[in-house]
Structure formats: C-alpha cells, structure tokens
Amino acid sequence: MIKYTLKCADGHQFESWFQNSEAYEKLRLAGQLACAVCGHLDVEKAIMAPRVNLPSKSKSEISAPLAESTSLQSPMSPAEEAMKQLRDHVEATSENVGDKFVDEVRAIHYGDAPERSIFGEAQGRDAKALWDEGIPVAPLPWSSNKTKVN
C-alpha cells in the first residue's frame, strides 16, 4: 500500500491510500479520483515529504517542559475538517450495522427490513456484488478501526 497526498484544481489537499503506484495511475486515467473536499475530478499528486521512521523514545527521555509545551497535533486542514464533519453527520444520522452491512442493505433493498440510513463494513467483492445486483452502495473515506478525529 502507498499513501499519496493529492490536490485538486481548486487547491484542496487530502491523502489517499492506493494498492500501488500503478493503481493510482489507472484510477487517475479513468477519471475515478475526486477531491475529498469539493468533489472536483481534476486531481493530481501533490509534493510530499518522505516518511522517515525514527526509533521511538521512552517518556523518560523526553523532557517534561518540552513534552508539556509541544503540541503534536497541528490544526486541521480544510480537507480534514470537511472529513470530520462528514463522518460526524453520517454517524449521527445513520445506524452502524458493522459487519452485518451486506445482509442488512440487501434486506432493506428487497423490503425485508425497514428503510433507513445505515453504514458498516463490507469486503470489496461483497460491495461489488451488491452493486452488480443494482443495490447502490458507496465506500466511506474512513475505516471504523481507525481512531476518530475529535
């Protein structure tokens, strides 16, 4: 997996993961990339700094005044703020059905369960099968196993 910082023609920057650089290129050429903030389809890679993994230090190695005065969290970018607002809205107005998503969305589609907004988890092949059945689903741009940004 590879993570790219992307930017749209309107200047919004956001990050996205791809299986590899070829997968990114294939999606870009097919017009399948869209800005996470405004939905603009003119998206390209932004200049990125390489990730450098340094050995971690124990808490005793960090001086107390430095640890207390240094914030490791930078202010949210407009893209991060928009993503947080979207996630908050989805979580407030939809039911999380977790790994029962595929069964539940089918039941709703075929009238075997009450119609409502839901979200949950599905494997890519299962989501494709839903799509092939004519059941409209869309991936959310976050994973439930990640820590929510507050």
# chains A, B, ... in the order shown; residues from 1 in each chain; ligands from 1
call {"tool": "residues_around", "arguments": {"residues": "region 95-98 of chain A", "least_positions_apart": "2", "cutoff": "8 Å", "atoms": "only C-alpha atoms", "output": "PyMOL selection string"}}
result
chain A and resi 91+93+100-101+104+116-121
call {"tool": "closest_residue", "arguments": {"among": "A:Gly39, A:Gly31, A:Pro136, A:Pro141", "to": "Leu86 (chain A)", "atoms": "only C-alpha atoms"}}
result
A:Pro141
call {"tool": "select_by_dssp", "arguments": {"residues": "region 76-134 of chain A", "states": "strand (DSSP E)", "output": "number ranges by chain"}}
result
A: 95-98, 118-120
call {"tool": "write_last_selection", "arguments": {"atoms": "N, CA and C atoms", "output": "mmCIF file, in the first residue's frame"}}
result
data_model
loop_
_atom_site.group_PDB
_atom_site.id
_atom_site.type_symbol
_atom_site.label_atom_id
_atom_site.label_comp_id
_atom_site.auth_asym_id
_atom_site.auth_seq_id
_atom_site.Cartn_x
_atom_site.Cartn_y
_atom_site.Cartn_z
ATOM 1 N N GLU A 95 -27.387 4.350 11.103
ATOM 2 C CA GLU A 95 -27.158 3.260 12.048
ATOM 3 C C GLU A 95 -25.936 2.461 11.618
ATOM 4 N N ASN A 96 -25.015 2.233 12.540
ATOM 5 C CA ASN A 96 -23.838 1.418 12.257
ATOM 6 C C ASN A 96 -24.226 -0.049 12.455
ATOM 7 N N VAL A 97 -24.283 -0.799 11.355
ATOM 8 C CA VAL A 97 -24.640 -2.216 11.427
ATOM 9 C C VAL A 97 -23.403 -3.109 11.382
ATOM 10 N N GLY A 98 -22.226 -2.491 11.389
ATOM 11 C CA GLY A 98 -20.964 -3.233 11.461
ATOM 12 C C GLY A 98 -20.797 -4.247 10.348
ATOM 13 N N ILE A 118 -27.922 3.407 6.770
ATOM 14 C CA ILE A 118 -27.012 2.548 7.523
ATOM 15 C C ILE A 118 -25.605 2.701 6.978
ATOM 16 N N PHE A 119 -24.649 2.300 7.786
ATOM 17 C CA PHE A 119 -23.272 2.157 7.332
ATOM 18 C C PHE A 119 -22.663 0.986 8.079
ATOM 19 N N GLY A 120 -21.601 0.444 7.527
ATOM 20 C CA GLY A 120 -20.964 -0.696 8.157
ATOM 21 C C GLY A 120 -19.755 -1.123 7.353
#
call {"tool": "atom_distance", "arguments": {"atom1": "CA of Ala23 (chain A)", "atom2": "CA of Ile2 (chain A)"}}
result
9.8 Å
call {"tool": "residues_around", "arguments": {"residues": "Cys35 (chain A)", "least_positions_apart": "4", "cutoff": "10 Å", "atoms": "only C-alpha atoms", "output": "PDB file with C-alpha atoms, in the first residue's frame"}}
result
ATOM      1  CA  LEU A   6      -3.351  14.664  -3.543  1.00  0.00           C
ATOM      2  CA  LYS A   7      -4.602  18.095  -4.570  1.00  0.00           C
ATOM      3  CA  CYS A   8      -7.464  19.239  -6.745  1.00  0.00           C
ATOM      4  CA  ALA A   9      -7.609  22.088  -9.239  1.00  0.00           C
ATOM      5  CA  ASP A  10      -9.232  24.242  -6.508  1.00  0.00           C
ATOM      6  CA  GLY A  11      -6.181  23.777  -4.249  1.00  0.00           C
ATOM      7  CA  HIS A  12      -7.655  21.377  -1.661  1.00  0.00           C
ATOM      8  CA  GLN A  13      -5.143  18.827  -0.353  1.00  0.00           C
ATOM      9  CA  PHE A  14      -6.030  15.420   1.055  1.00  0.00           C
ATOM     10  CA  GLU A  15      -4.446  11.999   1.450  1.00  0.00           C
ATOM     11  CA  GLY A  39     -15.631  16.517  -5.418  1.00  0.00           C
ATOM     12  CA  HIS A  40     -13.608  18.106  -8.268  1.00  0.00           C
ATOM     13  CA  LEU A  41     -12.361  15.404 -10.674  1.00  0.00           C
ATOM     14  CA  ASP A  42      -9.156  17.238 -11.664  1.00  0.00           C
ATOM     15  CA  VAL A  43      -6.893  15.606  -9.034  1.00  0.00           C
ATOM     16  CA  GLU A  44      -3.137  15.064  -9.082  1.00  0.00           C
ATOM     17  CA  ALA A  79      -9.983  18.734   4.000  1.00  0.00           C
TER      18      ALA A  79
END
call {"tool": "atom_distance", "arguments": {"atom1": "CA of Val37 (chain A)", "atom2": "CA of Met83 (chain A)"}}
result
7.4 Å
call {"tool": "atom_distance", "arguments": {"atom1": "CA of Gln19 (chain A)", "atom2": "CA of Met1 (chain A)"}}
result
4.5 Å
call {"tool": "closest_residue", "arguments": {"among": "A:Val102, A:Ala34, A:Ala82, A:Val90", "to": "Gln123 (chain A)", "atoms": "only C-alpha atoms"}}
result
A:Val102
call {"tool": "closest_residue", "arguments": {"among": "A:His89, A:Arg125, A:Gly134, A:Trp17", "to": "Tyr110 (chain A)", "atoms": "only C-alpha atoms"}}
result
A:Gly134
call {"tool": "closest_residue", "arguments": {"among": "A:Gly111, A:Ala36, A:Val105, A:Asn20", "to": "Leu140 (chain A)", "atoms": "only C-alpha atoms"}}
result
A:Ala36
